[in-house]
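Asker: This is run_27.cif (mmCIF, C-alpha atoms).
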```cif
data_coords
#
loop_
_atom_site.label_atom_id
_atom_site.label_comp_id
_atom_site.auth_asym_id
_atom_site.auth_seq_id
_atom_site.Cartn_x
_atom_site.Cartn_y
_atom_site.Cartn_z
CA MET A 1 25.54 -17.87 -14.76
CA THR A 2 21.88 -17.89 -15.88
CA ALA A 3 19.39 -15.05 -15.41
CA HIS A 4 17.55 -16.86 -12.63
CA GLN A 5 20.80 -17.53 -10.80
CA TRP A 6 21.65 -13.79 -10.93
CA HIS A 7 18.17 -12.97 -9.69
CA ASP A 8 18.50 -15.46 -6.84
CA LEU A 9 21.98 -14.12 -6.02
CA ILE A 10 20.73 -10.52 -5.62
CA HIS A 11 17.83 -11.63 -3.43
CA LEU A 12 20.12 -13.87 -1.42
CA GLY A 13 22.53 -10.96 -0.84
CA ALA A 14 19.67 -8.73 0.33
CA ALA A 15 18.33 -11.53 2.53
CA LEU A 16 21.76 -12.02 4.12
CA VAL A 17 22.21 -8.30 4.82
CA LEU A 18 18.74 -8.04 6.36
CA THR A 19 18.91 -11.20 8.46
CA ALA A 20 22.46 -10.62 9.71
CA GLY A 21 21.86 -6.90 10.25
CA GLY A 22 18.47 -7.64 11.80
CA ALA A 23 19.98 -10.14 14.24
CA VAL A 24 22.59 -7.58 15.36
CA PHE A 25 19.94 -4.87 15.76
CA VAL A 26 17.55 -7.12 17.71
CA ALA A 27 20.36 -8.28 20.04
CA SER A 28 21.45 -4.69 20.58
CA ALA A 29 17.87 -3.50 21.18
CA TRP A 30 17.36 -6.36 23.65
CA ARG A 31 20.44 -5.23 25.61
CA ARG A 32 19.29 -1.62 25.61
CA ARG A 33 15.82 -2.68 26.73
CA ALA A 34 17.36 -4.65 29.58
CA ASP A 35 19.39 -1.55 30.53
CA GLY A 36 16.17 0.51 30.61
CA ARG A 37 17.05 2.56 27.55
CA GLY A 38 13.92 2.69 25.35
CA SER A 39 13.02 5.54 23.04
CA PRO A 40 13.32 9.03 24.56
CA PRO A 41 10.10 10.55 25.93
CA PRO A 42 8.12 12.56 23.37
CA PRO A 43 8.79 16.31 23.42
CA GLY A 44 5.96 18.66 24.39
CA PRO A 45 2.36 17.91 25.30
CA ALA A 46 0.44 14.91 23.98
CA PRO A 47 -1.56 15.45 20.79
CA SER A 48 -5.32 15.69 21.33
CA THR A 49 -7.67 12.87 20.32
CA GLU A 50 -9.27 15.14 17.70
CA LEU A 51 -5.89 15.85 16.10
CA VAL A 52 -4.83 12.19 16.01
CA VAL A 53 -8.21 11.16 14.54
CA ALA A 54 -8.13 13.95 11.94
CA ARG A 55 -4.57 13.03 10.85
CA THR A 56 -5.32 9.29 10.68
CA LEU A 57 -8.59 9.86 8.83
CA ALA A 58 -6.91 12.20 6.33
CA ILE A 59 -4.16 9.68 5.50
CA LEU A 60 -6.67 6.80 5.13
CA LEU A 61 -9.15 8.82 3.05
CA VAL A 62 -6.48 10.22 0.74
CA ALA A 63 -4.89 6.76 0.22
CA LEU A 64 -8.27 5.12 -0.50
CA THR A 65 -9.46 7.92 -2.79
CA PHE A 66 -6.21 8.10 -4.78
CA GLY A 67 -6.26 4.30 -5.06
CA ALA A 68 -9.81 4.37 -6.50
CA ALA A 69 -8.88 7.28 -8.81
CA VAL A 70 -5.83 5.45 -10.21
CA ILE A 71 -7.91 2.29 -10.83
CA HIS A 72 -10.55 4.33 -12.70
CA LEU A 73 -7.82 5.95 -14.77
CA ALA A 74 -6.28 2.57 -15.62
CA ALA A 75 -9.70 1.20 -16.66
CA ALA A 76 -10.59 4.31 -18.70
CA PRO A 77 -9.04 3.43 -22.12
CA GLU A 78 -10.94 0.14 -22.42
CA HIS A 79 -14.23 1.66 -21.26
CA LEU A 80 -13.93 4.68 -23.55
CA GLN A 81 -13.48 2.26 -26.43
CA GLU A 82 -16.34 0.02 -25.36
CA LEU A 83 -18.93 2.44 -23.94
CA GLY A 84 -18.31 5.58 -26.00
CA ALA A 85 -19.69 8.72 -24.32
CA LEU A 86 -20.67 6.78 -21.20
CA GLY A 87 -17.04 5.70 -20.84
CA VAL A 88 -16.09 9.33 -20.12
CA GLY A 89 -17.40 8.59 -16.63
CA PHE A 90 -14.15 6.73 -15.87
CA PRO A 91 -11.62 9.55 -16.42
CA LEU A 92 -14.19 11.96 -14.93
CA ALA A 93 -14.53 9.84 -11.77
CA ALA A 94 -10.72 9.58 -11.55
CA ALA A 95 -10.31 13.36 -11.88
CA LEU A 96 -13.06 14.15 -9.33
CA GLN A 97 -11.71 11.65 -6.82
CA ALA A 98 -8.14 12.91 -7.20
CA MET A 99 -9.29 16.52 -6.78
CA TRP A 100 -11.38 15.60 -3.75
CA ALA A 101 -8.42 13.79 -2.14
CA GLY A 102 -6.19 16.84 -2.67
CA ALA A 103 -8.85 19.17 -1.26
CA TRP A 104 -9.40 16.95 1.79
CA TRP A 105 -5.67 16.83 2.50
CA LEU A 106 -5.43 20.63 2.36
CA ARG A 107 -8.72 21.68 3.97
CA PRO A 108 -10.94 18.95 5.44
CA GLY A 109 -14.42 20.00 6.50
CA ASP A 110 -18.09 19.02 6.72
CA ARG A 111 -19.02 20.42 3.29
CA LEU A 112 -16.18 18.51 1.63
CA ALA A 113 -17.15 15.39 3.63
CA TRP A 114 -20.69 15.58 2.20
CA LEU A 115 -19.26 16.07 -1.30
CA GLY A 116 -17.01 13.02 -0.91
CA LEU A 117 -19.90 11.00 0.51
CA LEU A 118 -22.14 11.82 -2.48
CA LEU A 119 -19.38 11.32 -5.06
CA ASN A 120 -18.27 7.92 -3.80
CA THR A 121 -21.83 6.72 -3.12
CA ALA A 122 -22.79 7.67 -6.69
CA ILE A 123 -19.79 5.83 -8.17
CA ALA A 124 -20.42 2.74 -6.02
CA LEU A 125 -24.14 2.76 -6.97
CA ALA A 126 -23.28 3.10 -10.69
CA TRP A 127 -21.01 0.05 -10.36
CA THR A 128 -23.77 -1.90 -8.53
CA TRP A 129 -26.26 -0.94 -11.30
CA SER A 130 -23.85 -2.17 -14.02
CA ARG A 131 -23.42 -5.48 -12.20
CA VAL A 132 -27.12 -6.03 -11.38
CA VAL A 133 -29.07 -4.45 -14.27
CA GLY A 134 -26.44 -3.63 -16.91
CA LEU A 135 -25.53 -0.47 -18.85
CA PRO A 136 -27.54 0.83 -21.86
CA THR A 137 -24.51 0.78 -24.19
CA GLY A 138 -21.55 -1.48 -24.90
CA GLN A 139 -21.21 -4.88 -26.52
CA THR A 140 -24.09 -6.37 -24.49
CA PRO A 141 -26.58 -3.58 -23.55
CA TRP A 142 -28.68 -4.13 -20.42
CA GLN A 143 -26.78 -7.28 -19.56
CA PRO A 144 -25.17 -7.41 -16.09
CA GLU A 145 -21.37 -7.40 -16.30
CA ALA A 146 -19.22 -9.82 -14.32
CA ALA A 147 -17.32 -8.37 -11.36
CA GLY A 148 -13.54 -8.25 -11.76
CA VAL A 149 -10.56 -7.49 -9.53
CA PRO A 150 -10.16 -3.77 -10.46
CA ASP A 151 -13.83 -2.79 -10.08
CA LEU A 152 -14.21 -4.81 -6.87
CA ALA A 153 -11.10 -3.16 -5.39
CA SER A 154 -12.22 0.37 -6.27
CA THR A 155 -15.74 -0.30 -4.96
CA ILE A 156 -14.35 -1.66 -1.68
CA PHE A 157 -12.26 1.53 -1.42
CA GLU A 158 -15.34 3.68 -2.12
CA VAL A 159 -17.47 1.85 0.46
CA ALA A 160 -14.65 2.30 3.01
CA ILE A 161 -14.50 6.03 2.17
CA VAL A 162 -18.28 6.32 2.64
CA VAL A 163 -18.14 4.49 5.99
CA LEU A 164 -15.29 6.73 7.23
CA LEU A 165 -17.06 9.91 6.09
CA VAL A 166 -20.36 8.87 7.70
CA ALA A 167 -18.47 8.21 10.95
CA ARG A 168 -16.78 11.61 10.61
CA LEU A 169 -20.05 13.48 9.95
CA ALA A 170 -21.82 11.68 12.81
CA GLY A 171 -18.94 12.48 15.19
CA GLN A 172 -18.46 8.78 15.81
CA ASP A 173 -14.78 8.82 14.77
CA VAL A 174 -13.71 10.84 17.81
CA ALA A 175 -16.24 9.06 20.06
CA ILE A 176 -14.82 5.65 19.17
CA ALA A 177 -11.23 6.92 19.42
CA ARG A 178 -11.80 8.25 22.95
CA ARG A 179 -12.35 4.68 24.14
CA ALA A 180 -8.82 3.69 23.04
CA ARG A 181 -6.17 3.66 25.78
CA ASN A 182 -3.17 4.65 23.70
CA LEU A 183 -4.69 6.20 20.61
CA ALA A 184 -1.56 7.70 19.00
CA ALA A 185 0.25 4.36 19.18
CA ILE A 186 -2.71 2.42 17.75
CA ALA A 187 -3.14 4.99 14.96
CA THR A 188 0.54 4.90 13.95
CA VAL A 189 0.79 1.11 14.14
CA THR A 190 -2.33 0.56 11.99
CA ILE A 191 -1.89 3.33 9.44
CA VAL A 192 1.35 1.95 7.92
CA PRO A 193 0.03 -1.54 6.98
CA ALA A 194 -3.38 -0.09 6.03
CA VAL A 195 -1.87 2.33 3.50
CA GLY A 196 0.52 -0.40 2.33
CA VAL A 197 -2.33 -2.82 1.68
CA VAL A 198 -4.27 -0.11 -0.21
CA PHE A 199 -1.13 0.54 -2.31
CA LEU A 200 -0.66 -3.17 -3.11
CA ALA A 201 -4.36 -3.68 -3.89
CA THR A 202 -4.26 -0.64 -6.20
CA LEU A 203 -1.16 -1.95 -7.95
CA LEU A 204 -2.83 -5.36 -8.41
CA ALA A 205 -6.06 -3.81 -9.71
CA VAL A 206 -4.23 -1.47 -12.11
CA ASN A 207 -2.17 -4.39 -13.40
CA VAL A 208 -5.31 -6.45 -14.06
CA ALA A 209 -7.07 -3.47 -15.71
CA ALA A 210 -4.06 -2.73 -17.92
CA GLY A 211 -3.76 -6.44 -18.75
CA ALA A 212 -7.45 -6.61 -19.67
CA HIS A 213 -7.02 -3.59 -21.96
CA GLY A 214 -4.02 -5.23 -23.57
CA HIS A 215 -6.05 -8.37 -24.26
CA ALA A 216 -9.00 -6.32 -25.55
CA SER A 217 -6.70 -4.37 -27.87
CA ALA A 218 -5.28 -7.60 -29.19
CA GLY A 219 -8.84 -8.54 -30.07
CA ASP A 220 -8.92 -11.88 -28.31
CA GLY A 221 -12.27 -11.19 -26.63
CA GLN A 222 -10.92 -11.55 -23.06
CA ALA A 223 -13.49 -10.26 -20.58
CA TYR A 224 -12.53 -7.19 -18.58
CA GLY A 225 -11.15 -8.00 -15.18
CA GLY A 226 -10.61 -11.68 -15.82
CA ALA A 227 -8.25 -13.33 -13.36
CA ASP A 228 -5.85 -14.43 -16.09
CA ALA A 229 -5.45 -10.85 -17.26
CA GLY A 230 -3.28 -10.22 -14.24
CA HIS A 231 -0.48 -12.28 -15.70
CA ALA A 232 0.18 -9.65 -18.35
CA THR A 233 2.82 -7.30 -16.95
CA PRO A 234 3.20 -3.82 -18.47
CA MET B 1 19.23 9.17 26.74
CA GLN B 2 20.11 7.23 23.59
CA ALA B 3 17.65 6.96 20.72
CA SER B 4 16.15 3.57 19.93
CA LEU B 5 17.51 1.33 17.17
CA ALA B 6 14.43 1.88 15.05
CA ARG B 7 16.21 4.60 13.04
CA PRO B 8 19.32 2.62 12.00
CA TRP B 9 17.24 -0.49 11.31
CA MET B 10 14.73 1.39 9.16
CA THR B 11 17.66 3.10 7.39
CA LEU B 12 19.29 -0.27 6.61
CA ALA B 13 15.98 -1.79 5.49
CA GLY B 14 15.16 1.28 3.39
CA ILE B 15 18.56 1.36 1.67
CA VAL B 16 18.50 -2.39 0.92
CA LEU B 17 14.95 -2.21 -0.50
CA VAL B 18 15.64 0.90 -2.60
CA VAL B 19 18.94 -0.53 -3.93
CA VAL B 20 17.29 -3.86 -4.85
CA GLY B 21 14.42 -1.96 -6.51
CA VAL B 22 16.58 0.57 -8.39
CA LEU B 23 18.96 -2.16 -9.63
CA GLY B 24 16.06 -3.56 -11.60
CA PHE B 25 15.51 -0.29 -13.51
CA ILE B 26 19.10 0.47 -14.52
CA SER B 27 19.54 -0.40 -18.16
CA ASN B 28 22.69 -2.47 -18.60
CA PRO B 29 23.63 -5.84 -20.00
CA ILE B 30 23.25 -7.53 -16.62
CA VAL B 31 20.02 -5.99 -15.24
CA GLY B 32 17.26 -4.69 -17.51
CA SER B 33 14.00 -5.33 -19.29
CA SER B 34 15.53 -6.32 -22.63
CA ALA B 35 15.38 -9.93 -23.74
CA ASN B 36 19.18 -10.14 -23.73
CA ALA B 37 19.60 -8.98 -20.12
CA ILE B 38 21.22 -11.50 -17.82
CA LEU B 39 18.87 -10.50 -14.97
CA PRO B 40 15.27 -10.05 -16.18
CA THR B 41 13.54 -7.44 -14.06
CA ASP B 42 9.95 -7.17 -12.95
CA THR B 43 8.78 -3.56 -13.04
CA LEU B 44 5.98 -3.88 -10.49
CA HIS B 45 8.16 -5.86 -8.10
CA ASN B 46 10.79 -3.12 -8.32
CA ILE B 47 8.14 -0.47 -7.63
CA VAL B 48 6.97 -2.34 -4.51
CA HIS B 49 10.58 -2.52 -3.25
CA ILE B 50 11.27 1.15 -3.93
CA VAL B 51 8.01 2.39 -2.39
CA THR B 52 8.35 0.30 0.77
CA GLY B 53 12.05 1.28 0.94
CA ALA B 54 11.06 4.93 0.72
CA LEU B 55 8.49 4.32 3.46
CA ALA B 56 11.21 2.79 5.67
CA LEU B 57 13.48 5.79 5.04
CA TYR B 58 10.57 8.15 5.85
CA ILE B 59 10.06 6.33 9.17
CA ALA B 60 13.83 6.53 9.82
CA PHE B 61 14.29 10.22 9.14
CA ALA B 62 10.90 11.95 9.44
CA LEU B 63 9.69 10.38 12.68
CA SER B 64 11.17 10.15 16.14
CA GLY B 65 10.53 8.73 19.61
CA ASP B 66 7.43 6.59 20.12
CA SER B 67 5.97 7.56 16.72
CA GLN B 68 9.03 6.06 15.04
CA ALA B 69 8.87 2.90 17.14
CA ASN B 70 5.14 2.49 16.46
CA ALA B 71 5.59 3.12 12.74
CA THR B 72 8.36 0.48 12.75
CA ILE B 73 5.85 -1.98 14.23
CA GLY B 74 3.41 -0.92 11.50
CA PHE B 75 6.09 -1.54 8.88
CA GLY B 76 6.64 -5.00 10.38
CA LEU B 77 2.88 -5.70 10.19
CA LEU B 78 2.85 -4.61 6.53
CA TYR B 79 5.61 -7.11 5.80
CA VAL B 80 3.74 -9.81 7.73
CA VAL B 81 0.86 -9.24 5.28
CA ILE B 82 3.27 -9.22 2.31
CA PHE B 83 5.03 -12.36 3.57
CA ILE B 84 1.75 -14.26 3.96
CA ALA B 85 0.39 -13.02 0.60
CA VAL B 86 3.58 -13.84 -1.34
CA PHE B 87 3.92 -17.17 0.45
CA ALA B 88 0.34 -18.06 -0.53
CA SER B 89 0.81 -16.81 -4.11
CA PRO B 90 4.46 -16.46 -5.25
CA THR B 91 3.43 -14.12 -8.11
CA LEU B 92 1.22 -12.11 -5.70
CA PHE B 93 -1.96 -13.08 -7.56
CA GLY B 94 -0.39 -12.40 -10.94
CA LEU B 95 1.18 -9.05 -10.01
CA PHE B 96 4.78 -10.23 -10.41
CA SER B 97 5.93 -11.90 -13.61
CA ILE B 98 8.81 -13.65 -11.77
CA PRO B 99 7.62 -15.87 -8.88
CA ALA B 100 9.15 -15.20 -5.46
CA ASN B 101 11.99 -17.53 -4.49
CA GLY B 102 13.20 -18.70 -1.07
CA ALA B 103 15.54 -15.72 -0.61
CA LEU B 104 12.65 -13.30 -1.16
CA HIS B 105 10.58 -15.06 1.49
CA VAL B 106 13.55 -14.69 3.87
CA ILE B 107 13.73 -10.94 3.08
CA HIS B 108 10.02 -10.50 3.81
CA ALA B 109 10.19 -12.60 6.99
CA ALA B 110 13.29 -10.75 8.23
CA LEU B 111 11.74 -7.34 7.54
CA ALA B 112 8.57 -8.40 9.39
CA ALA B 113 10.16 -10.07 12.42
CA VAL B 114 13.01 -7.61 12.99
CA SER B 115 10.79 -4.52 12.50
CA LEU B 116 8.23 -5.87 14.98
CA ALA B 117 10.94 -6.68 17.54
CA ILE B 118 12.90 -3.42 17.14
CA GLY B 119 9.70 -1.36 17.19
CA TYR B 120 8.37 -3.10 20.28
CA MET B 121 11.65 -2.82 22.18
CA GLY B 122 12.13 0.79 21.08
CA ARG B 123 8.87 1.99 22.57
CA GLY B 124 9.03 4.14 25.67
CA ARG B 125 7.81 2.83 28.98
CA ASP B 126 5.24 5.63 29.33
CA ALA B 127 2.05 4.26 27.76
CA SER B 128 -0.09 7.22 28.87
CA TYR B 129 1.24 9.54 26.18
CA THR B 130 -2.10 10.29 24.53
CA ARG B 131 -5.01 11.61 26.39
#
```
I need this file expressed as C-alpha cells, please.
Answerer:
Amino acid sequence: MTAHQWHDLIHLGAALVLTAGGAVFVASAWRRRADGRGSPPPPGPAPSTELVVARTLAILLVALTFGAAVIHLAAAPEHLQELGALGVGFPLAAALQAMWAGAWWLRPGDRLAWLGLLLNTAIALAWTWSRVVGLPTGQTPWQPEAAGVPDLASTIFEVAIVVLLVARLAGQDVAIARRARNLAAIATVTIVPAVGVVFLATLLAVNVAAGAHGHASAGDGQAYGGADAGHATP
Amino acid sequence: MQASLARPWMTLAGIVLVVVGVLGFISNPIVGSSANAILPTDTLHNIVHIVTGALALYIAFALSGDSQANATIGFGLLYVVIFIAVFASPTLFGLFSIPANGALHVIHAALAAVSLAIGYMGRGRDASYTR
C-alpha cells in the first residue's frame, strides 16, 4: 500500500466514524427535541451584560494580540538579519504584545486599554510607514516594501485590537451589547469561530514568514512574504 | 432532565481529531516525517487537528447547558469556515504540504453539519437567559 493510500485510509476511517456517529447523534437529538428534552436550564442567575462583554472582549483581545506577537516573533530572524538594530523592533513588539495580552487577561482596565491602544497603533503606523515611505536601512533604504501575508495579517489583528479598545474606552462595547436579545448565546456562538479563524490566520502567516526566512537563508533572493513562500513547510 | 447530546458528540469529535493529529507525530515506520515513512505527515495539519480536537474536548467537559450548546454551534461555524477554505484551496493557501482529499472534506462537512444540528437542538427553550 502506498503512502497516499495509507493517508487516505486514515482520513476515510475518521470520516466514517464522524459521519456514522454524527448521524446517530443527530437522530437521537431530534428524538429528544421532539420529546421536549433540550439542555437543562442554566443554574443560578443570568450573567450581566458587562460580564459577558468583558469576558468576550478579553478572549478576542488576547487571541488577536498573541496572534500578532507570534507573527512578529516568526518574522524576527529575517528582519534582524536584514535591518540590523532596527530589526530588534520585531522581537520587542512580540514581547510587548505578549506581555500586554497576559496583563489584560489577568487585570483588564482603562490604563492598560490606553497602553494597548498606543502600542498597537504605533506598530500599525510603523508598518504603514514601511509600506508607503520605506525604512532608512535594509537592502533598499527609503523604498516602500511590498505587503505580504504575515505583515497584513498582523496589521489586521492590530487594527481590530485598536477598534475593540476604542469601543471599550468609549463605553460603546456594553452599549452595543445591550441591544442584543440573547447576548450570552451570541457571544458564545461567535467567539469559537472568531478565535479559530485568528488561530488559522496566525498559523498561515507564521508559515509564510518562516518559509520566507528559509528562502532568504538559502540566498535565492525571494522577497519576504511572497505567496510562494507558503509552500515551504517547516 | 437529561443533558443534551452536545457533550458526547464533542467528546467523539475531540477524540477523533486528537487521535488523527497525534498519529501524525508518532515516529514509527508507518507514520512519521522521515522520507522512508509509509504515511508522510504534515506537521501544521496535525497541529490544526489537535488544537481543534482540544477545543472540542474543552467544550465537552468545561462547559454545560446552553453555553455548551452555543459553543457547539460555534464549533460547527468554525468548521463551516474550514470546509469552505479547504474546499477552495486544498492546501489551505499553502499551509498544508499534502492537499486535502475527499475524505478530509467529508470530515470537515460532518463536523460542521452535525455540530450545528446538535448545538441547535441542544439549546434550551428559554431564550431570555441573559438580561
Asker: For A:Gly89, which residue out of A:Ala147, A:Val132, A:Leu183, A:Ala69 is the nearest one, using all atoms listed in the file?
Answerer: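 So, comparing all the options, the nearest one is A:Ala69.
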Asker: Could you give me, as CSV, a per-residue list for stretch 72-121 of chain B showing, wherever an atom lies at most 10 Å from an atom of stretch 12-23 of chain A, the closest pair of atoms and their distance in Å to one decimal, using only C-alpha atoms and sorting by chain then residue number from low to high?
Answerer:
```
residue,atom,partner,partner_atom,distance
B:Asn101,CA,A:Leu12,CA,9.4
B:Gly102,CA,A:Leu12,CA,8.4
B:Ala103,CA,A:Leu12,CA,5.0
B:Leu104,CA,A:Ala15,CA,7.0
B:His105,CA,A:Ala15,CA,8.6
B:Val106,CA,A:Ala15,CA,5.9
B:Ile107,CA,A:Ala15,CA,4.7
B:His108,CA,A:Ala15,CA,8.5
B:Ala109,CA,A:Thr19,CA,9.0
B:Ala110,CA,A:Thr19,CA,5.6
B:Leu111,CA,A:Leu18,CA,7.1
B:Ala113,CA,A:Gly22,CA,8.7
B:Val114,CA,A:Gly22,CA,5.6
B:Ser115,CA,A:Gly22,CA,8.3
B:Ala117,CA,A:Gly22,CA,9.5
B:Ile118,CA,A:Gly22,CA,8.8
```
Asker: Decode the PyMOL selection byres ((chain A and resi 63-66) around 10) for the given file into explicit residues and return them as number ranges by chain.
Answerer: A: 57-62, 67-72, 94-102, 116, 120, 154, 156-161, 194-196, 198-199, 202
Asker: Where does the PyMOL selection byres ((chain B) within 6 of (chain A)) land in this file, that is, which residues does it pick, as a list in words?
Answerer: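 This file gives the following for the PyMOL selection byres ((chain B) within 6 of (chain A)): Ala3, Ser4, Ile38, Leu39, Gly65, Asn70, Ala71, Ile73, Gly74, Phe75, Leu77, Leu78, Gly94, Leu95, Ala103, Leu104, Val106, Ile107, Ala110, Val114, Ile118, Gly122, Arg123, Gly124, Tyr129 and Thr130 of chain B.
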Asker: I'd like the interatomic distance between atom CA of B:Gly14 and atom CA of B:Ala54, to a tenth of an Å.
Answerer: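 Interatomic distance, atom CA of B:Gly14 to atom CA of B:Ala54: 6.1 Å.
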Asker: Quick check, in Å to one decimal: how far apart do atom CA of A:Arg107 and atom CA of A:Ala124 lie?
Answerer: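 These atoms are spaced 24.4 Å apart.
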Asker: Using 6 Å of padding on each side, determine the axis-aligned box around all atoms of stretch 107-118 of chain B present in the file and give its centre and edge lengths in Å to one decimal, as JSON.
Answerer:
```
{"center_x": 11.0, "center_y": -8.0, "center_z": 10.3, "size_x": 17.5, "size_y": 21.2, "size_z": 26.5}
```
Asker: To one decimal place in Å, what is the distance between atom CA of B:Gly21 and atom CA of B:Pro99?
Answerer: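 Going from atom CA of B:Gly21 over to atom CA of B:Pro99, I get 15.7 Å.
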Asker: Would you write out, as a ChimeraX atom specification, every residue that the PyMOL selection byres ((chain B and resi 58) around 10) captures in this file?
Answerer: /B:7,10-11,14,52-57,59-63,68,71
Asker: For a quick check of understanding, using all atoms listed in the file, which of A:Ala146, A:Leu118, A:Ile176, A:Leu169 has the smallest distance to A:Gly134?
Answerer: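 Comparing A:Ala146, A:Leu118, A:Ile176, A:Leu169 against A:Gly134, the winner is A:Ala146.
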Asker: Which residues, protein or nucleic acid, reach to within 7 Å of (-20.8, -0.8, -10.9) in the file's coordinates when using all atoms listed in the file, and can you give that as a PDB file with C-alpha atoms, keeping the file's coordinate frame?
Answerer:
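Heads up, here's the output in selection-v1.pdb:
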```pdb
ATOM      1  CA  ALA A 124     -20.420   2.740  -6.020  1.00  0.00           C
ATOM      2  CA  LEU A 125     -24.140   2.760  -6.970  1.00  0.00           C
ATOM      3  CA  ALA A 126     -23.280   3.100 -10.690  1.00  0.00           C
ATOM      4  CA  TRP A 127     -21.010   0.050 -10.360  1.00  0.00           C
ATOM      5  CA  THR A 128     -23.770  -1.900  -8.530  1.00  0.00           C
ATOM      6  CA  TRP A 129     -26.260  -0.940 -11.300  1.00  0.00           C
ATOM      7  CA  SER A 130     -23.850  -2.170 -14.020  1.00  0.00           C
ATOM      8  CA  ARG A 131     -23.420  -5.480 -12.200  1.00  0.00           C
TER       9      ARG A 131
END
```
Asker: Skipping near chain neighbours, those fewer than 4 positions away, what residues fall within 7 Å of B:Leu116 using all atoms listed in the file, listed as a PyMOL selection string?
Answerer: chain B and resi 72-73+76+112+120
Asker: Skip B:Ala100 itself and residues of its chain fewer than 5 positions away, then list as a VMD selection string all residues within 8 Å of it, counting all atoms listed in the file.
Answerer: chain B and resid 86 90 to 91 105
Asker: Can you write out the residues you just picked, keeping C-alpha atoms, as a compact mmCIF listing (two decimals), in the coordinates of the input?
Answerer:
```
# COMPACT_ATOMS: atom_id res chain seq x y z
CA VAL B 86 3.58 -13.84 -1.34
CA PRO B 90 4.46 -16.46 -5.25
CA THR B 91 3.43 -14.12 -8.11
CA HIS B 105 10.58 -15.06 1.49
```
